[in-house]
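One structure below.
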Amino acid sequence: MLPYLWPLDVDPAVLSEALDIVMRYLTFSGQAVRRAELRQDAAHAMIVAWRQEGVRHKIQLADRGIAAVEKVVSGEEMLSS
């Protein structure tokens, strides 16, 4: 997978590690159907947490990314049922 292109005002190493955690979680939980779109949603949520809330720990950032993706996935499941 290509490296994610992070904005200049964040720490790419920390966010890349957090994004790897998110993607592993999604793979193991069977939710990584549309990997590229879900990866984008998770990355966006982590950037928002970094910029607006000052979150700097990779586990907390990963948690924000997972929550954002699960919200998207659960919304799609509701729409399809």
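Following the order of the structure tokens, chains are lettered A, B, ..., residues in each are numbered from 1, and ligands are numbered from 1.
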
Please run DSSP on the backbone and report, as a PyMOL selection string, all residues within chain A that come out as helix (DSSP H, G or I). chain A and resi 12-29+35-53+58-80

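Between atom CA of A:Val10 and atom CA of A:Glu70 the separation is 23.6 Å.
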
Name the residues in contact with A:Ala43 at a cut-off of 12 Å, using only C-alpha atoms, excluding same-chain residues fewer than 4 positions from it; report them as a count of residues only. 35
